[in-house]
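Participant: Sharing a structure, written as C-alpha cells. Questions coming.
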Amino acid sequence: MSIELILPDGTKAEHPQGVTGRQVAESIGARLAAAAVAVTIDGVAVDLDRPLPAPGGEFSVVTAETDLGRSVLRHSAAHVLAQAVLALHPGAAFAIGPPIEDGFYYDFDIGRPFTPEDLERIEAKMTEIIAADQPFVREAMSRDKALAIFADQPFKTEIIKSVDPGEVGAGDEVTVYRNNGFVDLCRGPHVTSTGRLRAVKLLRTSGAYWRGDEKNPQLQRIYGTAWEDRKALDAYLQRLEEAEKRDHRKLGPDLDLFSFPHELGSGLAVWHPKGGMLRKLLEDHSRKLHEAYGFDFVFTPHLARAELWQISGHLEWYAEGMFPPMELDADHEYRVKPMNCPFHILVYKSRARSYRDLPMRLSELGGVYRYERSGTIHGLLRARGFTQDDSHTFTTREQLPAELDLHLKFVLQWLRDFGFTEYKAELSTRDPDKAMGGTAVWEEATEYLRQTLEAAGIDYSINEGDAAFYGPKIDIHVRDAIGRSWQVSTIQLDYLLPERFELEYISAENTAVRPVMIHCAKAGSLERFLGVVVEHYAGAFPMWLAPIQVSVIPVADRHIDYGGLVAERLRAVGLRIELDKSSETVGEKIRQALTAKHPAVLVVGDNDVENSTVGVRYYGADQERRGVALDEAVSELAKVAEGPE
RNA sequence: GCCGGAGUAGCUCAGGGGUAGAGCAAUUCUCUCGUAAAGAAUAGGCCAGGGGUUCGAAUCCCCUCUCCGGCUCCA
C-alpha cells in the first residue's frame, strides 16, 4: 500500500505508507520544509510529523506566515498557556483555547480573577516551556479513556461528551496532545514542539461565559497573540498602536468634533461646531443622494404611545432595547422610539394607496434611542442615542427586483463617496425557529436578494439563519484604511410589518393587495458612520468633508490685511477658512494648523503681498509651493474641495 | 447586565493620612518672524459624586456615576 499525493505544482507523487508531512515537504524542498508548521491533505490540516492518512490526496505545506500557519502557532501557544496556568495554579479547571484572528485565548476557572502579576508569571512560565522545546505528541483514544484522563476537569468532560462523532479523527475517537506530562484535549494540529513558538505575548484578561451563554458560569479568559517571528509580532503591536491613534474617541475631542459629557449619561454625545459642520456635510450629502434616487422626505416625532409599539411587535421582541415608559396621563404610556419604521408605515397608511403610488420611498434622518447595556457602549460606534439615515420603501412584489437593485446601487455609491472602496456583503437567511410567513415567500425574497448581489458583482457570504424575524437581509461591511471591517449599511426585506399594520394598495384589477417593505440604512447610524469615517481617515478628512478646509497664515501682523483678502477670495468660492491672526511664530501657526489636520495651509508674507501670491501646502505633503498666483490657488483649492456629485 | 482595570487642572501624568505638583494648553505682556514648538509673568483644583473610619482623608473602607479591556448584545 502506498499513499498517492497531488503536489502543489500539480504533479503526482507516490509515497510509502507511514510517510510524514515533513518528509514529503523535504522531498519538495529543504527551505519549504524548514518553514513548515503543518501540512494539509485535501485541505485538512495534519501535524508535520504524523504519518499521512491513506489514501492521500491533494497535498500542501502550511508555512508559519500564512493564515492557517499562524492559526496552528496560536493553537499551540494556547496549549502552552494552559500548561503554564495549570503548572502555576494546580487544580485550575480549563475549558477551551482556540486560535482567533490575530491571536488566541484560553478560558480558565481558578476560583478568582487573574491579576496583572499572574499574567506576568504565566508569561514567564510559558517562556520556560517554549525554551525547553517540548515535543507535542498526538494520541487518538476512545472517549472513555479520554473521560478517565479528564475526570477532574468538568469542562473537558462536557466537551468530550458533546464532540460530534466523526467530526474529529476516526469514528468515536477523540485526540489529545501531550508534552512533558501535560495533556490537553485537542483536535490539532500543533507545531512539532514548543520551541517552534518564537513570538508569543499575553495581552489581557477578561471574564467570559462558558460556551458564550450568560446563564452559564463566568470563566476567566486570557488573551494572547502569537506570530511566526519577532518581526511579525512587532508589526502587529504597531498595528494596534496605529489603531489606537485613530481611535475616534481620542480624535473626536482632540479635533473638537464631539464629546460625551458625563452630565448627559452614558452613550449620549454632543456635537461641537466642527463636528457639527462635519455632520451637516454628511447630512447634506445624504439628502442630496436620497433625492437623486427618488426618495421623499418625512419627519416624525421621537415619542409614541406604547400601543404603537404593541402593534409593531417591538414591545414583544425588542422591549429590552427600549427606554422605559413615560406615564403622561392615566390612560397612556409613551415610549421614545428605537426605530422609525412604524412612523413611516403610518405615513403610508394616512390614505388609501394605489399601485400607481408605488414604489413609495420614504426617508428620514431619524433620531432613535436604544437602551444598550452599559457594558457595550463604545463611543459613537455604540451609543444610546443616534440618528439613522433610515428609509422604508413600499413596493409591489413585481417591483421588488428593480427596487432592490436601486437600493444596493445607492448604498454602494454612498460608501464610495466616503472613500470605502472595498466591501463585502452578508446575506442573512431564514431562521426556521424565528420566522414569520411561509417558506415560499422567504425563498423568493432571498432569491431576489441573491440576484441583486450577483448582478452588482460584490463578494458575499451567506449568514444562515441570521435574518430578522420579518425577512432576509443584506448587510454591507466596509474595509477601512488599516484593513478593519465595519458593518454599516443594511437592506432588509419585510413581509411582517405590512401584515401587522394591515397595509394594502389597490391593484390594477381593483383588488386589495399587501405591499412589501424594504428597510434600508445607508450609513446605518450617522454617529457610528462618522466614527468609522474618523478612524478611516485618521481625522485627516478629504477636503470636501473637512470642517475647516484652509488655514490662512500671515507671516507677521502687517500681513493680516492681505490674509483677510485671501480668506475672502476663498470664502467667495465656498471654501471654509480660518484666518490665524495670533501673534505666534509662523512655525507655531503652521504646527497648529497641521495638528488640527486642516487639509491646506496658505502662508502669506511680504513677497505675496507684493505679487498677489500665496504659499500653498497640503496636509501630508512635506513641501510647500511658494509664490503661487492667488487666482490660481483659489481655483485649484476650489477644485480639490469638490465633493462627490 | 457580568468579570477585571481606572478616574488628581482643558490635555498628558506625578504624589499617596498632616496647607495640592509638573509639562503642554489658557490669559496678559514683550517679540513681528517664510513652513511642525520665541520669551516672561499670571491664573487655573470640592483630587468623579455621596457616605463612613480618623484629631485630621485626595490618600483607608463602602455605595453610586463615568471611562477603558473583554463577555453578552448589536446600527
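Lettering and numbering for the C-alpha cells are positional, with chains as A, B, ... in the shown order, residues counted from 1 in each chain, and ligands counted from 1 in the shown order.
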Considering only C-alpha atoms (C1' of nucleotides), extract the chain A residues located within 6 Å of chain B and return them as a ChimeraX atom specification.
Facilitator: /A:206-208,524-525,556,585,588,591
Participant: Skipping near chain neighbours, those fewer than 5 positions away, what residues fall within 8 Å of segment 217-233 of chain A using only C-alpha atoms (C1' of nucleotides), listed as a ChimeraX atom specification?
Facilitator: /A:64-65,70,73-74,77-78,102-110,113-114,197-210 /B:2-3
Participant: Taking only segment 283-371 of chain A into account, list the residues labelled strand (DSSP E) by DSSP (computed from the backbone), as a ChimeraX atom specification.
Facilitator: /A:296-297,303-305,326-327,333-336,353-354,360-369
Participant: Could you pull the residues within 12 Å of Ala36 of chain A, counting only C-alpha atoms (C1' of nucleotides), minus those fewer than 5 positions along the same chain, as a PDB file with N, CA and C atoms, in the first residue's frame?
Facilitator:
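In the end it all went to part_21.pdb:
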```
ATOM      1  N   GLY A  21       4.302  14.311   6.770  1.00  0.00           N
ATOM      2  CA  GLY A  21       4.199  15.542   6.002  1.00  0.00           C
ATOM      3  C   GLY A  21       5.558  16.188   5.846  1.00  0.00           C
ATOM      4  N   ARG A  22       6.358  16.129   6.912  1.00  0.00           N
ATOM      5  CA  ARG A  22       7.685  16.733   6.859  1.00  0.00           C
ATOM      6  C   ARG A  22       8.538  16.087   5.762  1.00  0.00           C
ATOM      7  N   GLN A  23       8.472  14.741   5.709  1.00  0.00           N
ATOM      8  CA  GLN A  23       9.286  14.036   4.708  1.00  0.00           C
ATOM      9  C   GLN A  23       8.878  14.420   3.288  1.00  0.00           C
ATOM     10  N   VAL A  24       7.567  14.520   3.079  1.00  0.00           N
ATOM     11  CA  VAL A  24       7.111  14.910   1.751  1.00  0.00           C
ATOM     12  C   VAL A  24       7.554  16.334   1.445  1.00  0.00           C
ATOM     13  N   ALA A  25       7.428  17.213   2.450  1.00  0.00           N
ATOM     14  CA  ALA A  25       7.840  18.606   2.260  1.00  0.00           C
ATOM     15  C   ALA A  25       9.315  18.674   1.912  1.00  0.00           C
ATOM     16  N   GLU A  26      10.116  17.832   2.591  1.00  0.00           N
ATOM     17  CA  GLU A  26      11.556  17.819   2.311  1.00  0.00           C
ATOM     18  C   GLU A  26      11.845  17.382   0.881  1.00  0.00           C
ATOM     19  N   ILE A  28      10.134  18.074  -1.542  1.00  0.00           N
ATOM     20  CA  ILE A  28       9.842  19.195  -2.446  1.00  0.00           C
ATOM     21  C   ILE A  28      10.949  20.241  -2.340  1.00  0.00           C
ATOM     22  N   GLY A  29      11.412  20.486  -1.109  1.00  0.00           N
ATOM     23  CA  GLY A  29      12.454  21.489  -0.938  1.00  0.00           C
ATOM     24  C   GLY A  29      12.803  21.668   0.519  1.00  0.00           C
ATOM     25  N   ALA A  30      14.085  21.811   0.814  1.00  0.00           N
ATOM     26  CA  ALA A  30      14.536  21.888   2.203  1.00  0.00           C
ATOM     27  C   ALA A  30      14.053  23.173   2.866  1.00  0.00           C
ATOM     28  N   ARG A  31      14.042  24.259   2.099  1.00  0.00           N
ATOM     29  CA  ARG A  31      13.640  25.537   2.692  1.00  0.00           C
ATOM     30  C   ARG A  31      12.171  25.521   3.054  1.00  0.00           C
ATOM     31  N   ALA A  45      -5.848  20.090   7.796  1.00  0.00           N
ATOM     32  CA  ALA A  45      -4.511  20.259   8.349  1.00  0.00           C
ATOM     33  C   ALA A  45      -4.081  19.024   9.131  1.00  0.00           C
ATOM     34  N   VAL A  46      -2.815  18.656   8.950  1.00  0.00           N
ATOM     35  CA  VAL A  46      -2.243  17.469   9.600  1.00  0.00           C
ATOM     36  C   VAL A  46      -0.904  17.852  10.210  1.00  0.00           C
ATOM     37  N   ASP A  47      -0.616  17.282  11.402  1.00  0.00           N
ATOM     38  CA  ASP A  47       0.677  17.528  12.045  1.00  0.00           C
ATOM     39  C   ASP A  47       1.819  17.146  11.119  1.00  0.00           C
ATOM     40  N   LEU A  48       2.896  17.900  11.265  1.00  0.00           N
ATOM     41  CA  LEU A  48       4.046  17.709  10.389  1.00  0.00           C
ATOM     42  C   LEU A  48       4.651  16.311  10.520  1.00  0.00           C
ATOM     43  N   ASP A  49       4.732  15.796  11.742  1.00  0.00           N
ATOM     44  CA  ASP A  49       5.415  14.519  11.952  1.00  0.00           C
ATOM     45  C   ASP A  49       4.454  13.351  12.081  1.00  0.00           C
ATOM     46  N   SER A  60      -0.526  19.959   0.501  1.00  0.00           N
ATOM     47  CA  SER A  60       0.119  21.268   0.509  1.00  0.00           C
ATOM     48  C   SER A  60       0.847  21.465   1.827  1.00  0.00           C
ATOM     49  N   VAL A  61       1.827  22.346   1.811  1.00  0.00           N
ATOM     50  CA  VAL A  61       2.630  22.627   3.001  1.00  0.00           C
ATOM     51  C   VAL A  61       2.141  23.928   3.613  1.00  0.00           C
ATOM     52  N   VAL A  62       1.903  23.911   4.922  1.00  0.00           N
ATOM     53  CA  VAL A  62       1.456  25.112   5.619  1.00  0.00           C
ATOM     54  C   VAL A  62       2.667  25.771   6.264  1.00  0.00           C
ATOM     55  N   THR A  63       3.013  26.947   5.782  1.00  0.00           N
ATOM     56  CA  THR A  63       4.152  27.644   6.385  1.00  0.00           C
ATOM     57  C   THR A  63       3.655  28.631   7.433  1.00  0.00           C
ATOM     58  N   ALA A  64       4.579  29.016   8.315  1.00  0.00           N
ATOM     59  CA  ALA A  64       4.191  29.746   9.521  1.00  0.00           C
ATOM     60  C   ALA A  64       3.549  31.093   9.227  1.00  0.00           C
ATOM     61  N   GLU A  65       3.919  31.743   8.114  1.00  0.00           N
ATOM     62  CA  GLU A  65       3.464  33.115   7.928  1.00  0.00           C
ATOM     63  C   GLU A  65       2.123  33.197   7.210  1.00  0.00           C
ATOM     64  N   THR A  66       1.473  32.046   6.976  1.00  0.00           N
ATOM     65  CA  THR A  66       0.150  32.078   6.347  1.00  0.00           C
ATOM     66  C   THR A  66      -0.934  32.113   7.428  1.00  0.00           C
ATOM     67  N   LEU A  68      -3.353  30.054   7.908  1.00  0.00           N
ATOM     68  CA  LEU A  68      -3.509  28.734   8.517  1.00  0.00           C
ATOM     69  C   LEU A  68      -2.309  28.406   9.402  1.00  0.00           C
ATOM     70  N   GLY A  69      -1.117  28.756   8.915  1.00  0.00           N
ATOM     71  CA  GLY A  69       0.096  28.517   9.686  1.00  0.00           C
ATOM     72  C   GLY A  69       0.059  29.241  11.018  1.00  0.00           C
ATOM     73  N   ARG A  70      -0.385  30.482  10.975  1.00  0.00           N
ATOM     74  CA  ARG A  70      -0.471  31.258  12.216  1.00  0.00           C
ATOM     75  C   ARG A  70      -1.500  30.657  13.159  1.00  0.00           C
ATOM     76  N   VAL A  72      -2.162  27.606  13.465  1.00  0.00           N
ATOM     77  CA  VAL A  72      -1.520  26.446  14.100  1.00  0.00           C
ATOM     78  C   VAL A  72      -0.610  26.915  15.238  1.00  0.00           C
ATOM     79  N   LEU A  73       0.191  27.940  14.961  1.00  0.00           N
ATOM     80  CA  LEU A  73       1.058  28.503  16.009  1.00  0.00           C
ATOM     81  C   LEU A  73       0.236  28.955  17.213  1.00  0.00           C
ATOM     82  N   HIS A 190      -0.847  20.672  15.886  1.00  0.00           N
ATOM     83  CA  HIS A 190       0.052  21.539  16.628  1.00  0.00           C
ATOM     84  C   HIS A 190       1.388  21.591  15.917  1.00  0.00           C
ATOM     85  N   VAL A 191       2.218  22.551  16.323  1.00  0.00           N
ATOM     86  CA  VAL A 191       3.592  22.548  15.854  1.00  0.00           C
ATOM     87  C   VAL A 191       4.278  21.328  16.469  1.00  0.00           C
ATOM     88  N   THR A 192       5.429  20.942  15.933  1.00  0.00           N
ATOM     89  CA  THR A 192       6.051  19.706  16.409  1.00  0.00           C
ATOM     90  C   THR A 192       6.551  19.815  17.835  1.00  0.00           C
ATOM     91  N   ARG A 196       9.099  25.804  18.587  1.00  0.00           N
ATOM     92  CA  ARG A 196       8.723  26.400  17.314  1.00  0.00           C
ATOM     93  C   ARG A 196       7.984  27.723  17.502  1.00  0.00           C
ATOM     94  N   GLU A 228       4.802  34.302  13.568  1.00  0.00           N
ATOM     95  CA  GLU A 228       5.858  33.415  13.092  1.00  0.00           C
ATOM     96  C   GLU A 228       7.243  33.869  13.537  1.00  0.00           C
TER      97      GLU A 228
END
```
Participant: For atom CA of Leu119 of chain A and atom CA of Gly181 of chain A, determine how far apart the two atoms are, in Å to one decimal place.
Facilitator: 22.5 Å
Participant: Using only C-alpha atoms (C1' of nucleotides), determine which residues lie at most 8 Å from G17 of chain B, disregarding the query and same-chain residues fewer than 5 positions distant; provide the list as an NGL selection string.
Facilitator: :B and (56-57 or 59)
Participant: Write the residues you've just listed into a file as a short mmCIF file (atom, residue, chain, number, x, y, z; two decimals), in the first residue's frame, and include C-alpha atoms (C1' of nucleotides) for each of them.
Facilitator:
```cif
data_model
loop_
_atom_site.label_atom_id
_atom_site.label_comp_id
_atom_site.auth_asym_id
_atom_site.auth_seq_id
_atom_site.Cartn_x
_atom_site.Cartn_y
_atom_site.Cartn_z
"C1'" G B 56 -7.23 65.13 60.62
"C1'" A B 57 -8.96 61.76 54.16
"C1'" U B 59 -4.77 59.16 50.24
#
```
Participant: Kindly indicate which residue among B:A14, B:G21, B:C62, B:G7 lies nearest to G45 of chain B, using only C-alpha atoms (C1' of nucleotides) for the distances.
Facilitator: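 Selected residue with least distance to G45 of chain B: B:G21.
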Participant: Just to confirm, what's the straight-line distance from atom CA of Glu364 of chain A to atom CA of Glu403 of chain A in Å (one decimal)?
Facilitator: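 Separation between atom CA of Glu364 of chain A and atom CA of Glu403 of chain A: 18.1 Å.
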Participant: May I have the residues within 12 Å of Glu291 of chain A as a list in words, using only C-alpha atoms (C1' of nucleotides) and disregarding those fewer than 6 positions away in the same chain?
Facilitator: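 What passes the distance filter is Asp284, His285, Phe297, Arg361, Leu362, Ser363, Glu364, Ser391 and Phe410 of chain A.
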Participant: List the spatial neighbours of Thr613 of chain A as a PyMOL selection string - criterion: any atom at most 12 Å away, only C-alpha atoms (C1' of nucleotides), same-chain residues fewer than 6 positions off excluded.
Facilitator: chain A and resi 562-563+565-566+602-607+625-634
Participant: Those selected residues, please, written with C-alpha atoms and delivered as a PDB file, in the first residue's frame.
Facilitator:
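File written: part.pdb
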```pdb
ATOM      1  CA  TYR A 562      -3.730  90.712   2.882  1.00  0.00           C
ATOM      2  CA  GLY A 563      -4.502  87.415   4.640  1.00  0.00           C
ATOM      3  CA  LEU A 565      -8.301  89.455   1.489  1.00  0.00           C
ATOM      4  CA  VAL A 566      -7.065  85.979   0.574  1.00  0.00           C
ATOM      5  CA  LEU A 602      -1.729  79.127   2.886  1.00  0.00           C
ATOM      6  CA  VAL A 603       1.142  81.274   4.153  1.00  0.00           C
ATOM      7  CA  VAL A 604       1.292  84.917   3.095  1.00  0.00           C
ATOM      8  CA  GLY A 605       4.259  87.275   3.607  1.00  0.00           C
ATOM      9  CA  ASP A 606       5.904  90.288   2.066  1.00  0.00           C
ATOM     10  CA  ASN A 607       6.539  88.687  -1.296  1.00  0.00           C
ATOM     11  CA  ARG A 625       4.880  75.725  -3.085  1.00  0.00           C
ATOM     12  CA  ARG A 626       5.725  79.369  -2.742  1.00  0.00           C
ATOM     13  CA  GLY A 627       4.712  82.244  -4.947  1.00  0.00           C
ATOM     14  CA  VAL A 628       1.575  80.634  -6.375  1.00  0.00           C
ATOM     15  CA  ALA A 629      -0.637  83.264  -8.012  1.00  0.00           C
ATOM     16  CA  LEU A 630      -3.668  83.925  -5.814  1.00  0.00           C
ATOM     17  CA  ASP A 631      -6.128  83.368  -8.687  1.00  0.00           C
ATOM     18  CA  GLU A 632      -4.504  80.061  -9.459  1.00  0.00           C
ATOM     19  CA  ALA A 633      -4.534  78.981  -5.804  1.00  0.00           C
ATOM     20  CA  VAL A 634      -8.213  79.855  -5.413  1.00  0.00           C
TER      21      VAL A 634
END
```
Participant: Ranking A:Arg430, A:Arg514, A:Lys581, A:His89 by minimum distance to Lys125 of chain A and counting only C-alpha atoms, which one comes first?
Facilitator: A:His89
Participant: Near segment 416-418 of chain A, counting only C-alpha atoms (C1' of nucleotides), which residues have an atom at most 12 Å away, once you skip same-chain residues fewer than 2 positions from it, shown as a PyMOL selection string?
Facilitator: chain A and resi 281-282+285-286+289+409-414+420-423+478-481+522-523+529-530+532-534+536-537+541-545+642-645
